[in-house]
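Visitor: As input, take data15.csv (CSV, C-alpha atoms):
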```
chain,number,residue,atom,x,y,z
A,238,MET,CA,0.0,0.0,0.0
A,239,ALA,CA,1.5,3.3,-1.1
A,240,VAL,CA,1.0,6.8,0.4
A,241,ASP,CA,2.0,10.1,-1.1
A,242,VAL,CA,4.8,11.9,0.8
A,243,ARG,CA,5.1,15.7,0.2
A,244,LEU,CA,8.7,17.0,0.4
A,245,PRO,CA,9.7,20.6,1.3
A,246,THR,CA,11.9,22.5,-1.1
A,247,VAL,CA,15.0,22.0,1.0
A,248,LEU,CA,14.8,18.2,0.5
A,249,ARG,CA,13.8,18.0,-3.1
A,250,SER,CA,17.3,18.1,-4.5
A,251,GLN,CA,18.0,14.8,-2.8
A,252,ALA,CA,14.8,13.2,-4.2
A,253,GLY,CA,15.4,13.9,-7.9
A,254,GLY,CA,13.7,17.2,-7.7
A,255,GLN,CA,10.3,15.6,-6.9
A,256,SER,CA,7.8,17.4,-4.6
A,257,THR,CA,5.7,14.3,-4.0
A,258,VAL,CA,6.9,10.7,-3.8
A,259,ALA,CA,4.8,7.5,-3.5
A,260,VAL,CA,6.2,5.2,-0.8
A,261,GLU,CA,5.0,1.8,0.6
A,262,GLY,CA,4.3,1.4,4.3
A,263,THR,CA,1.7,0.9,7.0
A,264,THR,CA,3.4,3.1,9.6
A,265,ILE,CA,5.2,6.4,9.5
A,266,GLY,CA,8.4,4.5,10.4
A,267,GLU,CA,8.0,2.2,7.4
A,268,VAL,CA,7.3,5.1,5.1
A,269,ILE,CA,10.3,7.1,6.3
A,270,ARG,CA,12.6,4.0,5.9
A,271,GLY,CA,11.1,3.3,2.5
A,272,LEU,CA,11.7,6.9,1.5
A,273,VAL,CA,15.3,6.7,2.6
A,274,SER,CA,15.9,3.5,0.8
A,275,GLN,CA,14.7,5.1,-2.4
A,276,PHE,CA,16.7,8.2,-1.8
A,277,PRO,CA,19.7,7.4,0.5
A,278,GLY,CA,20.7,11.1,0.4
A,279,LEU,CA,17.8,11.9,2.7
A,280,ALA,CA,18.9,9.5,5.5
A,281,GLY,CA,21.1,12.0,7.3
A,282,GLN,CA,18.5,14.8,6.9
A,283,LEU,CA,15.6,12.9,8.3
A,284,LEU,CA,16.9,10.4,10.9
A,285,ASN,CA,19.4,10.4,13.7
A,286,GLU,CA,21.9,7.6,13.9
A,287,ASP,CA,19.7,5.7,16.3
A,288,GLY,CA,16.8,5.8,13.7
A,289,SER,CA,14.8,8.4,15.6
A,290,LEU,CA,13.4,11.5,13.9
A,291,HIS,CA,15.8,14.5,13.5
A,292,ARG,CA,14.8,17.3,15.9
A,293,PHE,CA,14.3,19.8,13.1
A,294,VAL,CA,12.1,17.4,11.1
A,295,ASN,CA,8.3,17.5,11.5
A,296,VAL,CA,6.3,14.7,9.9
A,297,TYR,CA,2.5,15.0,9.5
A,298,VAL,CA,-0.2,12.5,8.6
A,299,ASN,CA,-3.1,14.4,7.0
A,300,ASP,CA,-1.6,17.6,8.5
A,301,ASP,CA,-1.3,16.2,12.1
A,302,ASP,CA,2.2,16.2,13.6
A,303,VAL,CA,3.1,12.6,14.4
A,304,ARG,CA,5.0,13.7,17.5
A,305,TYR,CA,1.6,14.2,19.1
A,306,LEU,CA,0.2,10.9,17.7
A,307,SER,CA,2.3,7.8,17.9
A,308,LEU,CA,5.5,9.1,16.4
A,309,LEU,CA,7.1,6.5,14.0
A,310,ASP,CA,4.4,3.9,15.0
A,311,THR,CA,1.7,6.2,13.7
A,312,PRO,CA,-0.4,4.1,11.3
A,313,VAL,CA,-1.0,5.2,7.7
A,314,SER,CA,-3.5,3.8,5.2
A,315,SER,CA,-4.1,4.1,1.6
A,316,GLY,CA,-5.1,7.7,0.6
A,317,ASP,CA,-3.4,9.3,3.5
A,318,GLU,CA,-1.0,12.2,2.8
A,319,VAL,CA,2.3,12.4,4.6
A,320,SER,CA,4.1,15.7,4.7
A,321,ILE,CA,7.6,16.5,5.9
A,322,LEU,CA,8.4,20.1,7.0
A,323,PRO,CA,11.5,21.6,8.5
A,324,ALA,CA,11.0,23.4,11.9
A,325,VAL,CA,10.9,27.2,11.3
A,326,ALA,CA,10.2,30.2,13.5
A,327,GLY,CA,7.2,32.5,13.5
A,328,GLY,CA,6.1,35.6,15.5
B,136,MET,CA,-15.4,54.5,32.6
B,137,PRO,CA,-12.5,56.7,33.9
B,138,PRO,CA,-9.8,57.7,31.4
B,139,TYR,CA,-6.7,55.7,31.1
B,140,ALA,CA,-3.4,57.3,32.0
B,141,SER,CA,-1.5,55.6,29.1
B,142,ILE,CA,-2.3,53.7,25.9
B,143,LEU,CA,-0.3,50.9,27.4
B,144,ASP,CA,-3.0,50.5,30.1
B,145,LEU,CA,-5.3,49.3,27.3
B,146,ILE,CA,-3.3,46.2,26.6
B,147,GLY,CA,-5.1,42.9,27.5
B,148,ASN,CA,-8.6,42.3,28.8
B,149,THR,CA,-9.8,41.4,25.3
B,150,PRO,CA,-13.3,40.2,24.6
B,151,MET,CA,-14.4,36.7,23.4
B,152,VAL,CA,-17.2,36.2,20.9
B,153,GLU,CA,-19.1,33.1,20.1
B,154,VAL,CA,-18.9,31.8,16.5
B,155,SER,CA,-20.6,28.4,17.1
B,156,GLN,CA,-22.7,28.9,14.0
B,157,LEU,CA,-19.5,27.9,12.2
B,158,SER,CA,-18.8,24.7,14.3
B,159,PRO,CA,-19.1,21.5,12.3
B,160,ASN,CA,-20.3,19.7,15.5
B,161,PRO,CA,-23.6,20.9,17.1
B,162,ASP,CA,-22.4,19.8,20.5
B,163,VAL,CA,-19.2,21.9,20.4
B,164,ARG,CA,-19.1,25.6,21.0
B,165,ILE,CA,-16.4,27.8,19.5
B,166,LEU,CA,-15.4,31.1,21.2
B,167,VAL,CA,-12.9,33.5,19.6
B,168,LYS,CA,-10.7,35.7,21.8
B,169,LEU,CA,-10.2,38.9,19.8
B,170,GLU,CA,-6.6,40.0,20.4
B,171,GLY,CA,-6.9,42.5,17.6
B,172,ARG,CA,-8.5,44.7,20.2
B,173,ASN,CA,-5.2,45.5,21.7
B,174,PRO,CA,-3.9,49.1,21.0
B,175,GLY,CA,-1.1,47.9,18.7
B,176,GLY,CA,-3.6,45.6,17.0
B,177,SER,CA,-2.3,42.2,18.0
B,178,VAL,CA,-1.8,39.6,20.8
B,179,LYS,CA,1.9,40.6,20.7
B,180,ASP,CA,1.2,43.9,22.5
B,181,ARG,CA,1.0,41.7,25.7
B,182,VAL,CA,4.4,40.1,25.0
B,183,ALA,CA,6.0,43.4,24.1
B,184,LEU,CA,4.9,45.1,27.3
B,185,SER,CA,5.9,42.0,29.3
B,186,LEU,CA,9.4,41.9,27.7
B,187,VAL,CA,10.1,45.6,28.3
B,188,GLU,CA,8.7,45.7,31.8
B,189,GLN,CA,10.7,42.6,32.9
B,190,ALA,CA,13.8,44.2,31.4
B,191,GLU,CA,13.1,47.4,33.4
B,192,LYS,CA,12.6,45.3,36.6
B,193,ASP,CA,15.9,43.5,35.9
B,194,GLY,CA,17.7,46.9,35.4
B,195,ILE,CA,18.5,46.0,31.8
B,196,LEU,CA,16.4,49.0,30.6
B,197,VAL,CA,16.3,52.2,32.7
B,198,PRO,CA,13.2,54.4,32.2
B,199,GLY,CA,14.1,57.9,31.3
B,200,LYS,CA,17.8,57.2,30.4
B,201,PRO,CA,18.6,58.5,26.9
B,202,ASP,CA,19.9,56.6,23.9
B,203,GLN,CA,18.8,53.0,24.9
B,204,VAL,CA,18.6,50.8,21.9
B,205,LEU,CA,16.7,47.5,21.5
B,206,VAL,CA,17.1,45.0,18.6
B,207,GLU,CA,14.5,42.3,18.0
B,208,PRO,CA,13.8,39.7,15.2
B,209,THR,CA,10.1,39.5,14.2
B,210,SER,CA,7.8,38.7,11.4
B,211,GLY,CA,5.8,41.7,12.3
B,212,ASN,CA,3.4,41.7,15.3
B,213,THR,CA,6.0,41.5,18.1
B,214,GLY,CA,7.9,44.3,16.4
B,215,ILE,CA,4.7,46.4,16.1
B,216,GLY,CA,3.9,45.9,19.8
B,217,LEU,CA,7.5,46.7,20.8
B,218,ALA,CA,7.5,49.8,18.5
B,219,LEU,CA,4.4,51.1,20.4
B,220,VAL,CA,5.8,50.3,23.8
B,221,CYS,CA,9.2,51.8,22.9
B,222,ARG,CA,7.6,55.0,21.5
B,223,VAL,CA,5.6,55.5,24.7
B,224,LYS,CA,8.5,54.7,27.0
B,225,GLY,CA,11.2,56.5,24.9
B,226,TYR,CA,13.5,53.6,23.8
B,227,HIS,CA,14.9,53.3,20.3
B,228,LEU,CA,13.9,50.0,18.5
B,229,LYS,CA,15.7,48.3,15.7
B,230,VAL,CA,13.5,45.5,14.1
B,231,VAL,CA,15.0,42.8,12.0
B,232,LEU,CA,12.2,42.0,9.6
B,233,PRO,CA,12.0,39.6,6.6
B,234,THR,CA,11.4,41.4,3.4
B,235,ASN,CA,8.3,39.3,2.6
B,236,VAL,CA,5.8,40.7,5.0
B,237,SER,CA,2.7,42.8,4.2
B,238,ILE,CA,3.3,46.5,3.5
B,239,GLU,CA,1.0,47.4,6.4
B,240,ARG,CA,3.3,45.6,8.9
B,241,ARG,CA,6.2,47.8,7.7
B,242,GLN,CA,4.1,51.0,7.9
B,243,LEU,CA,3.0,50.3,11.4
B,244,LEU,CA,6.6,49.8,12.5
B,245,GLU,CA,7.6,53.0,10.9
B,246,LEU,CA,4.8,55.1,12.2
B,247,TRP,CA,5.9,54.3,15.8
B,248,GLY,CA,9.5,55.2,15.0
B,249,ALA,CA,11.0,51.7,14.7
B,250,GLU,CA,14.1,51.4,12.5
B,251,ILE,CA,13.7,48.4,10.1
B,252,ILE,CA,16.7,46.2,9.2
B,253,GLU,CA,15.8,43.9,6.4
B,254,SER,CA,16.6,40.2,6.5
B,255,PRO,CA,16.3,38.0,3.3
B,256,GLY,CA,12.7,36.9,2.7
B,257,ALA,CA,14.0,33.6,1.3
B,258,GLU,CA,15.2,32.7,4.8
B,259,GLY,CA,11.8,33.5,6.4
B,260,SER,CA,11.7,34.2,10.1
B,261,ASN,CA,14.7,32.0,10.7
B,262,GLY,CA,16.8,34.5,8.7
B,263,ALA,CA,15.6,37.4,10.9
B,264,VAL,CA,16.5,35.4,14.1
B,265,ARG,CA,19.9,34.6,12.7
B,266,MET,CA,20.6,38.2,11.7
B,267,ALA,CA,19.4,39.7,15.0
B,268,ARG,CA,21.6,37.3,17.0
B,269,GLU,CA,24.6,38.3,15.0
B,270,LEU,CA,23.8,42.0,15.4
B,271,ALA,CA,23.2,41.6,19.2
B,272,ALA,CA,26.6,39.8,19.5
B,273,ALA,CA,28.3,42.5,17.6
B,274,HIS,CA,26.6,45.3,19.6
B,275,PRO,CA,26.6,44.2,23.3
B,276,GLU,CA,25.5,47.8,24.1
B,277,TRP,CA,22.1,47.0,22.5
B,278,VAL,CA,19.4,45.3,24.5
B,279,PHE,CA,18.4,42.0,22.9
B,280,LEU,CA,15.1,40.9,24.5
B,281,TYR,CA,14.8,37.8,22.2
B,282,GLN,CA,11.2,36.9,22.4
B,283,TYR,CA,11.9,33.3,21.3
B,284,ALA,CA,14.0,32.6,24.4
B,285,ASN,CA,12.6,35.1,27.0
B,286,PRO,CA,10.3,33.6,29.7
B,287,ALA,CA,8.6,37.0,29.9
B,288,ASN,CA,6.9,36.1,26.6
B,289,PRO,CA,4.9,33.1,27.9
B,290,LYS,CA,4.6,34.9,31.3
B,291,ALA,CA,2.4,37.6,29.6
B,292,HIS,CA,0.0,34.8,28.7
B,293,TYR,CA,0.3,32.9,32.0
B,294,GLU,CA,-0.6,36.1,33.9
B,295,GLY,CA,-2.9,37.8,31.4
B,296,THR,CA,-4.5,35.8,28.6
B,297,GLY,CA,-4.9,32.5,30.5
B,298,PRO,CA,-6.6,34.0,33.6
B,299,GLU,CA,-8.9,36.1,31.3
B,300,ILE,CA,-10.0,33.0,29.5
B,301,TRP,CA,-10.6,31.1,32.8
B,302,ARG,CA,-12.5,34.1,34.2
B,303,ASP,CA,-14.7,34.5,31.2
B,304,CYS,CA,-15.2,30.8,30.3
B,305,PRO,CA,-14.3,28.3,33.1
B,306,GLU,CA,-16.2,25.6,31.1
B,307,VAL,CA,-13.4,25.6,28.4
B,308,THR,CA,-12.4,22.1,27.3
B,309,HIS,CA,-10.0,22.9,24.4
B,310,PHE,CA,-7.6,25.7,23.8
B,311,VAL,CA,-6.4,26.4,20.2
B,312,ALA,CA,-3.8,28.9,19.1
B,313,GLY,CA,-1.3,29.5,16.4
B,314,LEU,CA,2.3,28.4,17.0
B,315,GLY,CA,4.9,31.0,16.3
B,316,THR,CA,7.2,31.7,19.3
B,317,SER,CA,5.0,29.2,21.2
B,318,GLY,CA,4.5,31.9,23.9
B,319,THR,CA,0.7,31.9,23.8
B,320,LEU,CA,0.4,28.1,23.9
B,321,LEU,CA,2.9,27.7,26.7
B,322,GLY,CA,1.5,30.5,28.9
B,323,VAL,CA,-2.2,29.9,28.4
B,324,GLY,CA,-1.9,26.1,28.1
B,325,ARG,CA,0.0,25.8,31.4
B,326,TYR,CA,-2.4,28.1,33.2
B,327,LEU,CA,-5.5,26.3,32.0
B,328,LYS,CA,-4.1,22.8,32.6
B,329,GLU,CA,-3.2,23.9,36.2
B,330,ARG,CA,-6.9,24.8,36.7
B,331,ASN,CA,-8.2,21.8,34.8
B,332,PRO,CA,-5.8,19.1,33.7
B,333,ASP,CA,-8.4,17.8,31.2
B,334,VAL,CA,-8.1,20.9,29.0
B,335,GLN,CA,-6.7,19.9,25.7
B,336,VAL,CA,-4.2,22.2,24.0
B,337,TRP,CA,-4.0,22.3,20.2
B,338,ALA,CA,-1.3,24.1,18.2
B,339,VAL,CA,-2.0,25.3,14.7
B,340,GLU,CA,0.9,26.2,12.3
B,341,PRO,CA,1.3,27.2,8.7
B,342,PRO,CA,3.4,25.0,6.4
B,343,ALA,CA,6.0,27.8,6.5
B,344,GLY,CA,8.9,25.5,6.0
B,345,GLU,CA,7.5,23.9,2.9
B,346,THR,CA,8.7,26.6,0.5
B,347,VAL,CA,11.4,28.4,2.4
B,348,GLU,CA,14.1,28.7,-0.2
B,349,GLY,CA,16.9,29.9,2.0
B,350,LEU,CA,17.3,26.7,4.1
B,351,ARG,CA,20.4,24.9,3.0
B,352,ASN,CA,19.5,21.8,5.0
B,353,LEU,CA,17.4,20.8,8.0
B,354,ASP,CA,20.2,21.8,10.4
B,355,ASP,CA,19.1,25.4,9.6
B,356,GLY,CA,15.8,24.6,11.3
B,357,TYR,CA,14.7,26.4,14.4
B,358,ILE,CA,12.8,25.5,17.6
B,359,PRO,CA,12.2,28.4,20.0
B,360,PRO,CA,14.3,27.9,23.1
B,361,ILE,CA,11.3,28.7,25.3
B,362,PHE,CA,9.4,25.8,23.7
B,363,GLU,CA,12.1,23.3,24.6
B,364,GLU,CA,13.1,24.8,28.0
B,365,LEU,CA,9.5,25.1,29.2
B,366,GLY,CA,8.3,21.6,28.1
B,367,GLY,CA,6.3,22.6,25.1
B,368,ALA,CA,6.2,19.1,23.6
B,369,GLU,CA,4.8,17.7,26.8
B,370,LEU,CA,2.2,20.4,27.2
B,371,LEU,CA,0.7,20.2,23.7
B,372,ASP,CA,-1.9,17.5,23.0
B,373,ARG,CA,-2.0,18.0,19.3
B,374,LYS,CA,-0.2,20.0,16.5
B,375,THR,CA,-1.8,20.5,13.1
B,376,VAL,CA,-0.9,22.3,9.9
B,377,VAL,CA,-3.4,24.5,8.2
B,378,ARG,CA,-2.5,25.4,4.7
B,379,PRO,CA,-2.8,28.8,3.0
B,380,ARG,CA,-6.0,28.1,1.0
B,381,GLU,CA,-7.9,26.7,4.0
B,382,SER,CA,-6.6,29.7,6.1
B,383,ILE,CA,-8.0,32.2,3.6
B,384,GLU,CA,-11.3,30.2,3.2
B,385,TRP,CA,-11.8,30.4,7.0
B,386,THR,CA,-10.7,34.1,7.1
B,387,ARG,CA,-13.5,34.7,4.6
B,388,ARG,CA,-16.0,32.5,6.4
B,389,LEU,CA,-15.5,34.5,9.6
B,390,THR,CA,-16.8,37.6,7.9
B,391,GLU,CA,-20.2,35.7,7.6
B,392,VAL,CA,-20.5,36.1,11.3
B,393,GLY,CA,-19.1,39.7,11.2
B,394,LEU,CA,-15.5,39.0,12.2
B,395,PHE,CA,-12.8,40.8,10.2
B,396,VAL,CA,-9.6,39.1,11.4
B,397,GLY,CA,-6.1,38.3,10.1
B,398,ILE,CA,-5.1,35.3,8.0
B,399,SER,CA,-3.5,33.5,11.0
B,400,SER,CA,-6.9,33.8,12.7
B,401,GLY,CA,-8.5,32.0,9.8
B,402,ALA,CA,-5.9,29.3,10.2
B,403,ALA,CA,-6.5,29.1,14.0
B,404,VAL,CA,-10.3,28.8,13.6
B,405,ALA,CA,-9.8,26.2,10.9
B,406,GLY,CA,-7.8,24.3,13.5
B,407,ALA,CA,-10.7,24.8,16.0
B,408,ALA,CA,-13.2,23.4,13.5
B,409,LYS,CA,-11.0,20.4,12.9
B,410,CYS,CA,-10.8,20.0,16.7
B,411,ALA,CA,-14.6,20.3,17.0
B,412,ALA,CA,-15.1,17.7,14.3
B,413,GLN,CA,-13.1,15.2,16.3
B,414,VAL,CA,-15.1,15.5,19.5
B,415,PRO,CA,-17.2,12.4,19.7
B,416,SER,CA,-20.9,12.8,19.0
B,417,GLY,CA,-23.0,13.6,22.0
B,418,GLU,CA,-20.0,14.9,24.0
B,419,ARG,CA,-20.2,18.6,24.9
B,420,ALA,CA,-17.1,20.7,24.4
B,421,VAL,CA,-16.1,24.4,24.5
B,422,ILE,CA,-13.2,25.5,22.4
B,423,VAL,CA,-11.5,28.8,23.0
B,424,VAL,CA,-9.4,29.9,20.0
B,425,VAL,CA,-7.1,33.0,19.8
B,426,SER,CA,-7.5,35.5,17.0
B,427,ALA,CA,-4.0,37.0,17.0
B,428,ASP,CA,-4.9,40.1,15.0
B,429,ASP,CA,-7.6,41.9,12.9
B,430,GLY,CA,-7.8,42.0,9.1
B,431,TRP,CA,-6.5,45.6,8.6
B,432,LYS,CA,-2.9,44.6,8.0
B,433,TYR,CA,-3.8,42.2,5.2
B,434,LEU,CA,-6.1,44.3,3.1
B,435,SER,CA,-3.3,44.8,0.6
B,436,THR,CA,-3.1,41.0,0.1
B,437,GLY,CA,-6.6,41.0,-1.4
B,438,ALA,CA,-7.5,38.1,1.0
B,439,TRP,CA,-11.2,39.0,1.0
B,440,THR,CA,-11.7,40.4,-2.4
B,441,ASP,CA,-9.5,38.8,-5.0
B,442,ASP,CA,-9.7,35.4,-6.7
B,443,ILE,CA,-9.0,32.7,-4.1
B,444,ASP,CA,-6.4,30.9,-6.3
B,445,GLU,CA,-4.4,34.1,-6.7
B,446,VAL,CA,-4.6,35.0,-3.0
B,447,THR,CA,-3.6,31.5,-2.1
B,448,GLU,CA,-0.5,31.7,-4.3
B,449,ARG,CA,0.3,35.2,-2.8
B,450,ALA,CA,-0.1,33.9,0.7
B,451,LYS,CA,2.5,31.2,0.0
B,452,SER,CA,5.1,33.8,-0.5
B,453,ILE,CA,4.3,36.1,2.5
B,454,ILE,CA,4.7,35.5,6.2
B,455,TYR,CA,1.3,35.9,7.8
B,456,PHE,CA,2.0,34.1,11.2
```
Show me, as structure tokens, the structure contained in the file I just sent.
Guide:
Amino acid sequence: MAVDVRLPTVLRSQAGGQSTVAVEGTTIGEVIRGLVSQFPGLAGQLLNEDGSLHRFVNVYVNDDDVRYLSLLDTPVSSGDEVSILPAVAGG
Amino acid sequence: MPPYASILDLIGNTPMVEVSQLSPNPDVRILVKLEGRNPGGSVKDRVALSLVEQAEKDGILVPGKPDQVLVEPTSGNTGIGLALVCRVKGYHLKVVLPTNVSIERRQLLELWGAEIIESPGAEGSNGAVRMARELAAAHPEWVFLYQYANPANPKAHYEGTGPEIWRDCPEVTHFVAGLGTSGTLLGVGRYLKERNPDVQVWAVEPPAGETVEGLRNLDDGYIPPIFEELGGAELLDRKTVVRPRESIEWTRRLTEVGLFVGISSGAAVAGAAKCAAQVPSGERAVIVVVSADDGWKYLSTGAWTDDIDEVTERAKSIIYF
């Protein structure tokens, strides 16, 4: 089962210039690992060495931040949209 | 009502108005706290006054002493609030402001005498923070209040906004606000949870990092120090992105009930509607959502009057949070 992953401008150069990539997986962890196996250049950007999410990376399922759901165990299903955004300031 | 001694005495004590007609769930009320009623036009007047008064208490700023200079990074509203406070109190303010903010934000800064230092729009607010930190390091004689790291920011909401909400609506079950510096969410969220631990705190944010061109990689990311130091991740129950089109659609919907508020308020109420929709059927809830400012500063964007596709594209390239 594939979900669409939206990439921010800052990551597109490591994903062949694509803004949206279809990735297989049933959890956010599987989707991120699938994305990294397609585009190994993203590994150091998205994940820490221990496999956890980089602190400046926010991942959303249908616009909800997975840090406030079940993090990498957050389930995804067909038709869900996953977005990756860098942490930026406001105010 | 007796006259006020200073315009600064009008900061805070803002009204709430019910907009439950727009709630997608008949069992869930939605109340909007109108921070645009502050004299500088936004919720950030509270923060500006708190930052300056705390610095005065700490002896960092001395009332009446000439030639005191402040420098602050902002995407607009904190700068405008500080410009007002500094004009009244006699301090000189230098604001580091990204180039891609609405023209009205610049004009409001200028009319209260703030000096604008431009940071690259391509770097968004992160660029303003970077540049202000460099300037502050190069000019130790300038006062750098640094809203992103200053506990006087959430304190303004812990001591002001939060108690006002509890006074006016003790039946509140959910609190929804935009996430910028995180000051509103930290201060109000902590206050409300101390009164009722069951209150849910939802953060709404724009997808600002999606198109920021100036980030070289994710190590250029930024999390406000107050968010990390004051346990923001533990305090929030939910964080959700509201995209520009939905923000503008809700900014327009709010005019149907007579509210003329800024684009970030449209985003926040969109978040409140999403929150309302997730409350189980038959369960009563009361959502309080913060409208950070009124619509005046965004008229030039055509948010209410132009074609929605064009406005959405424009909104992607300006900072409205």
Visitor: My list of candidates is B:Leu321, B:Val182, B:Val220, B:Leu280. Which is closest to chain A when distances are computed with all atoms listed in the file?
Guide: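 Of the candidates, the smallest distance to chain A is held by B:Val182.
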Visitor: I need the chain A residues near chain B as a list in words; criterion: at most 9 Å, counting all atoms listed in the file.
Guide: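 Result, ordered by chain then number: Arg243, Leu244, Pro245, Thr246, Val247, Leu248, Gln282, Leu283, His291, Arg292, Phe293, Val294, Tyr297, Asn299, Asp300, Asp301, Asp302, Val303, Arg304, Tyr305, Leu306, Ile321, Leu322, Pro323, Ala324, Val325, Ala326, Gly327 and Gly328 of chain A.
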Visitor: Report, in Å with one decimal, the straight-line distance from CA of Pro174 (chain B) to CA of Asp202 (chain B).
Guide: 25.1 Å
Visitor: Do you have the CA of Ala407 (chain B)-CA of Gly322 (chain B) distance handy?
Guide: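 A separation of 18.6 Å between them.
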Visitor: Distance CA of Pro360 (chain B)-CA of Asn285 (chain B), one decimal place?
Guide: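 About the pair CA of Pro360 (chain B) and CA of Asn285 (chain B): they are 8.4 Å apart.
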Visitor: Quick one: residues within 10 Å of Gly288 (chain A), only C-alpha atoms counted, chain neighbours fewer than 5 positions away excluded, as a list in words?
Guide: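 Here the answer would be Gly266, Ile269, Arg270, Ala280, Gly281, Leu283 and Leu309 of chain A.
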Visitor: Name the residues in contact with Leu243 (chain B) at a cut-off of 8 Å, using only C-alpha atoms, excluding same-chain residues fewer than 4 positions from it; report them as a ChimeraX atom specification.
Guide: /B:215,239,247
Visitor: Produce a file of the selected residues containing C-alpha atoms, as a PDB file, in the frame of the given file.
Guide:
```pdb
ATOM      1  CA  ILE B 215       4.700  46.400  16.100  1.00  0.00           C
ATOM      2  CA  GLU B 239       1.000  47.400   6.400  1.00  0.00           C
ATOM      3  CA  TRP B 247       5.900  54.300  15.800  1.00  0.00           C
TER       4      TRP B 247
END
```
Visitor: Tell me, as a PDB file with C-alpha atoms, keeping the file's coordinate frame, which residues lie within 10 Å of Thr264 (chain A), counting all atoms listed in the file; anything in the same chain fewer than 3 positions away does not count.
Guide:
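Just written: around.pdb:
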```
ATOM      1  CA  GLU A 261       5.000   1.800   0.600  1.00  0.00           C
ATOM      2  CA  GLU A 267       8.000   2.200   7.400  1.00  0.00           C
ATOM      3  CA  VAL A 268       7.300   5.100   5.100  1.00  0.00           C
ATOM      4  CA  ILE A 269      10.300   7.100   6.300  1.00  0.00           C
ATOM      5  CA  ARG A 270      12.600   4.000   5.900  1.00  0.00           C
ATOM      6  CA  SER A 307       2.300   7.800  17.900  1.00  0.00           C
ATOM      7  CA  LEU A 308       5.500   9.100  16.400  1.00  0.00           C
ATOM      8  CA  LEU A 309       7.100   6.500  14.000  1.00  0.00           C
ATOM      9  CA  ASP A 310       4.400   3.900  15.000  1.00  0.00           C
ATOM     10  CA  THR A 311       1.700   6.200  13.700  1.00  0.00           C
ATOM     11  CA  PRO A 312      -0.400   4.100  11.300  1.00  0.00           C
ATOM     12  CA  VAL A 313      -1.000   5.200   7.700  1.00  0.00           C
ATOM     13  CA  SER A 314      -3.500   3.800   5.200  1.00  0.00           C
TER      14      SER A 314
END
```
Visitor: Residues within 8 Å of region 433-445 of chain B, please, as a PyMOL selection string. Count only C-alpha atoms; anything in the same chain fewer than 3 positions from it doesn't count.
Guide: chain B and resi 237-239+380+383+386-387+397-398+430+448-450
Visitor: For Val242 (chain A), which residue out of A:Ser274, A:Val258, A:Asn285, A:Thr263 is the nearest one, using only C-alpha atoms?
Guide: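 Of A:Ser274, A:Val258, A:Asn285, A:Thr263, the one nearest Val242 (chain A), counting only C-alpha atoms, is A:Val258.
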Visitor: Select, from B:Ser400, B:Ser177, B:Ser416, B:Thr308, the residue with the minimum atom-to-atom distance to Lys328 (chain B), counting all atoms listed in the file.
Guide: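 Once distances to Lys328 (chain B) are computed over all atoms listed in the file, the minimum belongs to B:Thr308.
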Visitor: Can you list, as a PyMOL selection string, every protein, DNA or RNA residue that comes within 10 Å of Pro201 (chain B) when you count all atoms listed in the file, leaving out same-chain residues fewer than 4 positions away?
Guide: chain B and resi 197+225-227
Visitor: When you count all atoms listed in the file, which of these residues is closest to Ala249 (chain B): B:Leu145, B:Val278, B:Val204, B:Ala287?
Guide: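 Between B:Leu145, B:Val278, B:Val204, B:Ala287, the residue approaching Ala249 (chain B) most closely is B:Val204.
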Visitor: For a quick check of understanding, using all atoms listed in the file, which of B:Pro305, B:Arg330, B:Leu157, B:Met266 has the smallest distance to Thr390 (chain B)?
Guide: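 Among the listed residues, B:Leu157 lies closest to Thr390 (chain B).
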Visitor: Starting from the incomplete input, reconstruct N, CA and C atoms of region 238-246 of chain B and write that as a CSV table (one decimal), in the coordinates of the input.
Guide:
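Writing done, so here's part.csv:
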```
chain,number,residue,atom,x,y,z
B,238,ILE,N,2.9,45.1,3.5
B,238,ILE,CA,3.3,46.5,3.5
B,238,ILE,C,2.7,47.2,4.8
B,239,GLU,N,1.5,46.7,5.2
B,239,GLU,CA,1.0,47.4,6.4
B,239,GLU,C,1.8,47.1,7.7
B,240,ARG,N,2.4,45.9,7.7
B,240,ARG,CA,3.3,45.6,8.9
B,240,ARG,C,4.5,46.6,8.9
B,241,ARG,N,5.1,46.8,7.8
B,241,ARG,CA,6.2,47.8,7.7
B,241,ARG,C,5.8,49.2,8.1
B,242,GLN,N,4.6,49.6,7.6
B,242,GLN,CA,4.1,51.0,7.9
B,242,GLN,C,3.9,51.2,9.3
B,243,LEU,N,3.3,50.1,10.0
B,243,LEU,CA,3.0,50.3,11.4
B,243,LEU,C,4.3,50.4,12.2
B,244,LEU,N,5.3,49.6,11.8
B,244,LEU,CA,6.6,49.8,12.5
B,244,LEU,C,7.1,51.2,12.3
B,245,GLU,N,7.1,51.7,11.1
B,245,GLU,CA,7.6,53.0,10.9
B,245,GLU,C,6.9,54.1,11.6
B,246,LEU,N,5.5,54.0,11.6
B,246,LEU,CA,4.8,55.1,12.2
B,246,LEU,C,5.1,55.3,13.7
```
